[in-house]
Structure formats: C-alpha cells, structure tokens
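Okay, start.cif now, which holds mmCIF, C-alpha atoms; chains and numbers go by the auth columns:
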data_run
loop_
_atom_site.group_PDB
_atom_site.id
_atom_site.type_symbol
_atom_site.label_atom_id
_atom_site.label_comp_id
_atom_site.label_asym_id
_atom_site.label_seq_id
_atom_site.Cartn_x
_atom_site.Cartn_y
_atom_site.Cartn_z
_atom_site.B_iso_or_equiv
_atom_site.auth_seq_id
_atom_site.auth_asym_id
ATOM 1 C CA MET A 1 5.488 -19.664 -13.641 0.00 1205 A
ATOM 2 C CA THR A 2 3.386 -17.706 -11.146 0.00 1206 A
ATOM 3 C CA PRO A 3 1.668 -14.664 -12.658 0.00 1207 A
ATOM 4 C CA PRO A 4 2.534 -11.359 -10.982 0.00 1208 A
ATOM 5 C CA LEU A 5 0.241 -10.119 -8.249 0.00 1209 A
ATOM 6 C CA VAL A 6 0.880 -6.459 -9.106 0.00 1210 A
ATOM 7 C CA GLU A 7 0.661 -4.872 -12.531 0.00 1211 A
ATOM 8 C CA VAL A 8 2.608 -1.609 -12.481 0.00 1212 A
ATOM 9 C CA VAL A 9 1.772 1.214 -14.869 0.00 1213 A
ATOM 10 C CA ILE A 10 4.475 3.863 -14.913 0.00 1214 A
ATOM 11 C CA GLU A 11 3.072 7.215 -15.945 0.00 1215 A
ATOM 12 C CA ASP A 12 5.990 9.364 -14.717 0.00 1216 A
ATOM 13 C CA PRO A 13 9.422 8.338 -16.094 0.00 1217 A
ATOM 14 C CA ARG A 14 11.189 9.215 -12.830 0.00 1218 A
ATOM 15 C CA TRP A 15 9.896 5.887 -11.479 0.00 1219 A
ATOM 16 C CA HIS A 16 11.781 3.821 -14.089 0.00 1220 A
ATOM 17 C CA PRO A 17 15.170 3.566 -12.278 0.00 1221 A
ATOM 18 C CA LEU A 18 13.555 2.287 -9.062 0.00 1222 A
ATOM 19 C CA ALA A 19 12.710 -1.316 -10.020 0.00 1223 A
ATOM 20 C CA LEU A 20 9.175 -0.606 -8.853 0.00 1224 A
ATOM 21 C CA ASP A 21 7.764 -3.829 -10.322 0.00 1225 A
ATOM 22 C CA GLY A 22 9.846 -5.958 -7.949 0.00 1226 A
ATOM 23 C CA LEU A 23 9.347 -3.694 -4.927 0.00 1227 A
ATOM 24 C CA ALA A 24 5.579 -3.572 -5.433 0.00 1228 A
ATOM 25 C CA GLU A 25 5.367 -7.334 -5.873 0.00 1229 A
ATOM 26 C CA GLN A 26 7.364 -7.974 -2.671 0.00 1230 A
ATOM 27 C CA ALA A 27 5.342 -5.460 -0.655 0.00 1231 A
ATOM 28 C CA ALA A 28 1.925 -6.655 -1.828 0.00 1232 A
ATOM 29 C CA ARG A 29 2.827 -10.304 -1.197 0.00 1233 A
ATOM 30 C CA ALA A 30 4.086 -9.430 2.301 0.00 1234 A
ATOM 31 C CA ALA A 31 0.877 -7.512 3.053 0.00 1235 A
ATOM 32 C CA LEU A 32 -1.273 -10.448 1.956 0.00 1236 A
ATOM 33 C CA ALA A 33 0.835 -12.851 4.021 0.00 1237 A
ATOM 34 C CA ALA A 34 0.474 -10.606 7.088 0.00 1238 A
ATOM 35 C CA ALA A 35 -3.299 -10.708 6.543 0.00 1239 A
ATOM 36 C CA GLU A 36 -3.052 -14.516 6.259 0.00 1240 A
ATOM 37 C CA LEU A 37 -3.963 -14.606 2.572 0.00 1241 A
ATOM 38 C CA ALA A 38 -2.114 -16.407 -0.198 0.00 1242 A
ATOM 39 C CA PRO A 39 -1.389 -14.153 -3.191 0.00 1243 A
ATOM 40 C CA GLU A 40 -2.514 -16.702 -5.764 0.00 1244 A
ATOM 41 C CA GLY A 41 -5.797 -15.773 -7.411 0.00 1245 A
ATOM 42 C CA PHE A 42 -5.516 -12.028 -6.750 0.00 1246 A
ATOM 43 C CA GLU A 43 -4.339 -9.029 -8.742 0.00 1247 A
ATOM 44 C CA ILE A 44 -3.603 -5.374 -7.996 0.00 1248 A
ATOM 45 C CA ALA A 45 -3.003 -2.467 -10.385 0.00 1249 A
ATOM 46 C CA LEU A 46 -0.460 0.153 -9.309 0.00 1250 A
ATOM 47 C CA LEU A 47 -0.081 3.558 -10.954 0.00 1251 A
ATOM 48 C CA ALA A 48 3.293 5.276 -10.532 0.00 1252 A
ATOM 49 C CA ALA A 49 2.546 8.924 -11.188 0.00 1253 A
ATOM 50 C CA SER A 50 3.568 12.500 -10.455 0.00 1254 A
ATOM 51 C CA ASP A 51 2.238 14.687 -7.656 0.00 1255 A
ATOM 52 C CA ALA A 52 0.197 16.624 -10.220 0.00 1256 A
ATOM 53 C CA ARG A 53 -1.588 13.453 -11.372 0.00 1257 A
ATOM 54 C CA ILE A 54 -2.195 12.269 -7.806 0.00 1258 A
ATOM 55 C CA ALA A 55 -3.582 15.716 -6.919 0.00 1259 A
ATOM 56 C CA GLU A 56 -6.079 15.335 -9.788 0.00 1260 A
ATOM 57 C CA LEU A 57 -7.092 11.870 -8.576 0.00 1261 A
ATOM 58 C CA ASN A 58 -7.287 13.037 -4.957 0.00 1262 A
ATOM 59 C CA ALA A 59 -9.625 15.882 -5.958 0.00 1263 A
ATOM 60 C CA ALA A 60 -11.755 13.712 -8.239 0.00 1264 A
ATOM 61 C CA PHE A 61 -12.189 10.742 -5.916 0.00 1265 A
ATOM 62 C CA ARG A 62 -11.750 12.139 -2.408 0.00 1266 A
ATOM 63 C CA GLY A 63 -12.693 15.784 -2.833 0.00 1267 A
ATOM 64 C CA ARG A 64 -9.351 16.814 -1.347 0.00 1268 A
ATOM 65 C CA GLY A 65 -6.863 19.244 -2.830 0.00 1269 A
ATOM 66 C CA GLY A 66 -3.199 18.493 -3.310 0.00 1270 A
ATOM 67 C CA ALA A 67 -1.134 15.371 -3.655 0.00 1271 A
ATOM 68 C CA THR A 68 -0.826 12.616 -1.099 0.00 1272 A
ATOM 69 C CA ASN A 69 1.731 9.817 -0.979 0.00 1273 A
ATOM 70 C CA VAL A 70 -0.562 6.880 -1.748 0.00 1274 A
ATOM 71 C CA LEU A 71 -4.169 6.453 -2.850 0.00 1275 A
ATOM 72 C CA SER A 72 -6.083 3.201 -2.966 0.00 1276 A
ATOM 73 C CA TRP A 73 -9.376 2.145 -4.482 0.00 1277 A
ATOM 74 C CA PRO A 74 -10.629 -1.237 -3.268 0.00 1278 A
ATOM 75 C CA ALA A 75 -12.536 -3.252 -5.861 0.00 1279 A
ATOM 76 C CA VAL A 76 -14.961 -4.205 -3.077 0.00 1280 A
ATOM 77 C CA GLU A 77 -15.536 -2.417 0.218 0.00 1281 A
ATOM 78 C CA ARG A 78 -14.642 -4.891 2.943 0.00 1282 A
ATOM 79 C CA ALA A 79 -14.850 -2.743 6.083 0.00 1283 A
ATOM 80 C CA ALA A 80 -14.589 -4.504 9.417 0.00 1284 A
ATOM 81 C CA PRO A 81 -17.902 -5.190 11.186 0.00 1285 A
ATOM 82 C CA SER A 82 -16.637 -3.578 14.388 0.00 1286 A
ATOM 83 C CA GLU A 83 -13.701 -1.452 15.509 0.00 1287 A
ATOM 84 C CA GLY A 84 -10.476 -3.440 15.778 0.00 1288 A
ATOM 85 C CA ALA A 85 -11.907 -6.486 13.998 0.00 1289 A
ATOM 86 C CA PRO A 86 -10.442 -7.757 10.734 0.00 1290 A
ATOM 87 C CA PRO A 87 -12.404 -7.012 7.568 0.00 1291 A
ATOM 88 C CA THR A 88 -14.129 -9.705 5.556 0.00 1292 A
ATOM 89 C CA PRO A 89 -11.374 -11.412 3.539 0.00 1293 A
ATOM 90 C CA PRO A 90 -11.654 -11.560 -0.240 0.00 1294 A
ATOM 91 C CA ARG A 91 -12.066 -14.822 -2.096 0.00 1295 A
ATOM 92 C CA PRO A 92 -9.347 -15.577 -4.622 0.00 1296 A
ATOM 93 C CA GLY A 93 -10.175 -16.068 -8.264 0.00 1297 A
ATOM 94 C CA ARG A 94 -8.629 -18.629 -10.565 0.00 1298 A
ATOM 95 C CA ALA A 95 -5.105 -18.386 -11.927 0.00 1299 A
ATOM 96 C CA ASP A 96 -6.531 -17.558 -15.359 0.00 1300 A
ATOM 97 C CA ASP A 97 -9.131 -15.164 -13.898 0.00 1301 A
ATOM 98 C CA PRO A 98 -7.756 -13.569 -10.719 0.00 1302 A
ATOM 99 C CA GLU A 99 -9.876 -11.490 -8.354 0.00 1303 A
ATOM 100 C CA SER A 100 -8.996 -7.796 -8.544 0.00 1304 A
ATOM 101 C CA LEU A 101 -8.303 -6.335 -5.118 0.00 1305 A
ATOM 102 C CA GLY A 102 -8.290 -2.831 -6.601 0.00 1306 A
ATOM 103 C CA ASP A 103 -5.925 -0.041 -7.547 0.00 1307 A
ATOM 104 C CA ILE A 104 -3.108 1.835 -5.817 0.00 1308 A
ATOM 105 C CA ALA A 105 -1.458 5.071 -6.972 0.00 1309 A
ATOM 106 C CA LEU A 106 1.823 6.594 -5.773 0.00 1310 A
ATOM 107 C CA ALA A 107 2.992 10.223 -6.087 0.00 1311 A
ATOM 108 C CA PHE A 108 6.676 10.510 -6.978 0.00 1312 A
ATOM 109 C CA GLU A 109 7.591 13.880 -5.490 0.00 1313 A
ATOM 110 C CA THR A 110 5.679 13.346 -2.247 0.00 1314 A
ATOM 111 C CA CYS A 111 7.155 9.869 -1.729 0.00 1315 A
ATOM 112 C CA ALA A 112 10.691 11.090 -2.459 0.00 1316 A
ATOM 113 C CA ARG A 113 10.305 14.107 -0.161 0.00 1317 A
ATOM 114 C CA GLU A 114 8.901 12.029 2.716 0.00 1318 A
ATOM 115 C CA ALA A 115 11.721 9.505 2.457 0.00 1319 A
ATOM 116 C CA ALA A 116 14.340 12.261 2.427 0.00 1320 A
ATOM 117 C CA GLU A 117 12.748 14.110 5.359 0.00 1321 A
ATOM 118 C CA ALA A 118 12.601 10.897 7.400 0.00 1322 A
ATOM 119 C CA GLY A 119 16.159 9.920 6.435 0.00 1323 A
ATOM 120 C CA LYS A 120 14.894 6.602 5.025 0.00 1324 A
ATOM 121 C CA PRO A 121 15.941 4.829 1.860 0.00 1325 A
ATOM 122 C CA PHE A 122 13.401 5.583 -0.875 0.00 1326 A
ATOM 123 C CA ASP A 123 12.857 1.890 -1.612 0.00 1327 A
ATOM 124 C CA GLN A 124 11.979 1.161 2.048 0.00 1328 A
ATOM 125 C CA HIS A 125 9.455 3.998 2.058 0.00 1329 A
ATOM 126 C CA LEU A 126 7.912 2.641 -1.141 0.00 1330 A
ATOM 127 C CA LEU A 127 7.662 -0.848 0.370 0.00 1331 A
ATOM 128 C CA HIS A 128 5.791 0.668 3.321 0.00 1332 A
ATOM 129 C CA LEU A 129 3.398 2.638 1.114 0.00 1333 A
ATOM 130 C CA VAL A 130 2.570 -0.375 -1.071 0.00 1334 A
ATOM 131 C CA VAL A 131 2.004 -2.534 2.031 0.00 1335 A
ATOM 132 C CA HIS A 132 -0.230 0.233 3.411 0.00 1336 A
ATOM 133 C CA GLY A 133 -2.169 0.591 0.155 0.00 1337 A
ATOM 134 C CA THR A 134 -2.594 -3.170 -0.200 0.00 1338 A
ATOM 135 C CA LEU A 135 -4.019 -3.423 3.311 0.00 1339 A
ATOM 136 C CA HIS A 136 -6.511 -0.675 2.408 0.00 1340 A
ATOM 137 C CA LEU A 137 -7.550 -2.775 -0.598 0.00 1341 A
ATOM 138 C CA LEU A 138 -8.216 -5.630 1.825 0.00 1342 A
ATOM 139 C CA GLY A 139 -10.504 -3.419 3.934 0.00 1343 A
ATOM 140 C CA TYR A 140 -8.112 -2.388 6.698 0.00 1344 A
ATOM 141 C CA ASP A 141 -8.294 1.232 7.826 0.00 1345 A
ATOM 142 C CA HIS A 142 -6.821 3.584 10.402 0.00 1346 A
ATOM 143 C CA GLN A 143 -9.621 6.068 11.094 0.00 1347 A
ATOM 144 C CA ARG A 144 -10.622 4.524 14.443 0.00 1348 A
ATOM 145 C CA ASP A 145 -8.045 3.679 17.120 0.00 1349 A
ATOM 146 C CA GLY A 146 -8.779 -0.064 17.210 0.00 1350 A
ATOM 147 C CA ASP A 147 -8.630 -0.317 13.426 0.00 1351 A
ATOM 148 C CA ALA A 148 -5.392 1.699 13.325 0.00 1352 A
ATOM 149 C CA THR A 149 -3.783 -0.598 15.902 0.00 1353 A
ATOM 150 C CA LEU A 150 -4.698 -3.673 13.842 0.00 1354 A
ATOM 151 C CA MET A 151 -3.580 -2.172 10.529 0.00 1355 A
ATOM 152 C CA GLU A 152 -0.297 -0.881 11.949 0.00 1356 A
ATOM 153 C CA SER A 153 0.480 -4.284 13.460 0.00 1357 A
ATOM 154 C CA LEU A 154 -0.024 -5.927 10.054 0.00 1358 A
ATOM 155 C CA GLU A 155 2.121 -3.267 8.357 0.00 1359 A
ATOM 156 C CA THR A 156 4.863 -3.781 10.924 0.00 1360 A
ATOM 157 C CA ALA A 157 4.765 -7.581 10.452 0.00 1361 A
ATOM 158 C CA ALA A 158 4.854 -7.305 6.648 0.00 1362 A
ATOM 159 C CA LEU A 159 7.697 -4.802 6.722 0.00 1363 A
ATOM 160 C CA ALA A 160 9.688 -6.932 9.166 0.00 1364 A
ATOM 161 C CA GLU A 161 9.493 -9.790 6.647 0.00 1365 A
ATOM 162 C CA LEU A 162 10.965 -7.384 4.093 0.00 1366 A
ATOM 163 C CA GLY A 163 13.739 -6.229 6.415 0.00 1367 A
ATOM 164 C CA VAL A 164 12.231 -2.752 6.873 0.00 1368 A
ATOM 165 C CA PRO A 165 12.282 -1.202 10.374 0.00 1369 A
ATOM 166 C CA ASP A 166 8.970 -0.517 12.110 0.00 1370 A
ATOM 167 C CA PRO A 167 7.933 2.937 10.841 0.00 1371 A
ATOM 168 C CA TYR A 168 5.591 3.472 13.791 0.00 1372 A
ATOM 169 C CA GLN A 169 8.318 2.782 16.348 0.00 1373 A
ATOM 170 C CA GLU A 170 10.532 5.267 14.520 0.00 1374 A
ATOM 171 C CA ALA A 171 7.718 7.859 14.472 0.00 1375 A
ATOM 172 C CA ALA A 172 7.166 7.462 18.219 0.00 1376 A
ATOM 173 C CA ARG A 173 10.893 7.787 18.845 0.00 1377 A
ATOM 174 C CA ASP A 174 10.961 10.948 16.709 0.00 1378 A
ATOM 175 C CA ARG A 175 8.080 12.474 18.722 0.00 1379 A
ATOM 176 C CA ILE A 176 9.883 11.745 22.009 0.00 1380 A
ATOM 177 C CA ALA A 177 13.208 13.214 20.880 0.00 1381 A
#
Could the structure of this file be written out as structure tokens, please?
Amino acid sequence: MTPPLVEVVIEDPRWHPLALDGLAEQAARAALAAAELAPEGFEIALLAASDARIAELNAAFRGRGGATNVLSWPAVERAAPSEGAPPTPPRPGRADDPESLGDIALAFETCAREAAEAGKPFDQHLLHLVVHGTLHLLGYDHQRDGDATLMESLETAALAELGVPDPYQEAARDRIA
C-alpha cells in the first residue's frame, strides 16, 4: 500500500464533513504530476484551521494582518533562477523516509466565503487551493509575470486532471462581464 502524500491535521471541526484527506491527496498528487514529479518519496503536512488561526500564522510568519485562504511554508526554498523558469525540483526520499516538501494551511471561513462568492463548489475551490499551495512548496510563485504564467499553467493542467474548470479563465471572463 502506498503511504499518503498528505497528512491532514484538522484543527477546526467544520472541516470534518468535507473529506479533506481525499481532496488534499488528489490535489497534491495532481500538482506534482503537473510539475512532472512522481509523488513517491515526498510528504506534505496540511493544517485545516479557522480564519482566526490563519490570521495568527499570517501575522507571525508573513507580518500581515488578517486571514488568507491558503498559506504555505516550503521545507526548502527552491526559487527559479530566472523569471518564468521552473524552480529546482526536489529529490524524493525513500518510502520509509520521505522528503518533506513543507506545510500548507487552509482557513475555513475564507475558503467557504470565496467559494460561495464565486459560485463554485467548495470542494473544487479546495482542490485549487491545495494545488496552489503544493506548487508553492515546489518553488513556484506568482509575484513576477513570467513566474505567474508558468504557475497558473501548471495549476490549470492539474485542475483539468481533477475535472475542475480553469479558475483563471473564469476570472478573466468575470472581469470582462
């Protein structure tokens, strides 16, 4: 039996009915596949928390007030050498000693509100956020235009494999309307 890629820690009980373990596993595996990495030999920790807890983490680690939908802490910084280039890929560990890619945290109220405002199923929004967070753990970013284009293309590919519509196409359509 293959060990799970994602270990989910549920801190806020409102996450329990969502089958987050399975959603997170699917999303992280799809993100790794989009980045042309096999999931074997890697692990990710995911914290399912409240907005209040995420606000504390956001202040402590990013110096920013308030909650955000997803936070990620890569185990190793793997930034791309130049804008639009892929980051240095991680090396997998052994099955009995996997390489930690890092940690992801999700804020319940913010995620639920964003899904409702966008008219998206909550589970599809969560798949997107875990894909997004996993790509951050791999060193992908969206601060520079070239990096954002690369990261968004990987997100779109991973989400397509999961049957989730392209969130960036939808956002562009919403801006035009």
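Compared by their closest atoms to Pro1369 of chain A, and using all atoms listed in the file, the residues A:Lys1324, A:Arg1233, A:His1346, A:Arg1317 rank with A:Lys1324 nearest.
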What is the atom CA of Ala1232 of chain A-atom CA of Pro1290 of chain A distance in Å, reported with one decimal?
17.7 Å
Take the PyMOL selection byres ((chain A and resi 1222) around 12), apply it to the structure above, and return the hits as a PyMOL selection string.
chain A and resi 1214+1216-1221+1223-1228+1252+1312+1316+1325-1331
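Computed from the coordinates, the atom CA of Ala1253 of chain A to atom CA of Ser1276 of chain A distance equals 13.2 Å.
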Polymer residues at most 6 Å from Ala1259 of chain A, all atoms listed in the file, same-chain spacing of 4 or more positions, as a PDB file with C-alpha atoms, in the coordinates of the input:
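Output file around02.pdb is given in full below:
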ATOM      1  CA  ASP A1255       2.238  14.687  -7.656  1.00  0.00           C
ATOM      2  CA  GLY A1270      -3.199  18.493  -3.310  1.00  0.00           C
ATOM      3  CA  ALA A1271      -1.134  15.371  -3.655  1.00  0.00           C
TER       4      ALA A1271
END
Record the distance separating atom CA of Glu1211 of chain A and atom CA of Ile1308 of chain A, expressed in Å with one decimal.
10.2 Å
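The smallest atom-to-atom distance between Leu1236 of chain A and any of A:Leu1342, A:Val1213, A:Ala1256, A:Ala1364, using only C-alpha atoms, is found for A:Leu1342.
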May I ask which of the residues A:Glu1287, A:Glu1313, A:Asp1370, A:Glu1365 is the closest one to Ala1352 of chain A, counting only C-alpha atoms?
A:Glu1287
Do a neighbour search on His1332 of chain A at 9 Å with only C-alpha atoms, toss out local chain neighbours closer than 3 positions, and write the hits as an MDAnalysis selection string.
chainID A and resid 1231 1327:1329 1335:1337 1359:1360 1362:1363 1368 1371
Taking the file above as input, evaluate the PyMOL selection byres ((chain A and resi 1300) around 12) and report the hits as a ChimeraX atom specification.
/A:1206-1208,1244-1247,1296-1299,1301-1303
From the options A:Asn1273, A:Thr1292, A:Gln1230, A:Asn1262, which residue's atoms come nearest to Gly1343 of chain A, counting only C-alpha atoms?
A:Thr1292
Emit as AutoDock Vina command-line options the padded axis-aligned box for all listed atoms of segment 1257-1275 of chain A, 4 Å per side, with centre and edge lengths in Å to one decimal.
--center_x -5.5 --center_y 12.8 --center_z -6.2 --size_x 22.4 --size_y 20.8 --size_z 18.4
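Comparing the minimum interatomic distances between Arg1348 of chain A and each of A:Ala1283, A:Ala1237, A:Leu1261, A:Leu1250, counting only C-alpha atoms, we find that A:Ala1283 sits nearest.
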Quick one: residues within 9 Å of Ala1289 of chain A, all atoms listed in the file, excluding same-chain residues fewer than 5 positions away - as a PyMOL selection string?
chain A and resi 1284+1350-1351+1354
Output of the above residues as a compact mmCIF listing (two decimals), in the coordinates of the input, restricted to C-alpha atoms:
# COMPACT_ATOMS: atom_id res chain seq x y z
CA ALA A 1284 -14.59 -4.50 9.42
CA GLY A 1350 -8.78 -0.06 17.21
CA ASP A 1351 -8.63 -0.32 13.43
CA LEU A 1354 -4.70 -3.67 13.84
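The closest residue to Leu1358 of chain A, picked from A:Pro1293, A:Val1212, A:Tyr1372, A:Leu1339 and counting only C-alpha atoms, is A:Leu1339.
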Hey, what comes out of the PyMOL selection byres ((chain A and resi 1277) around 7) on this file? Could you write it as a PyMOL selection string?
chain A and resi 1275-1276+1278-1279+1306-1308+1341
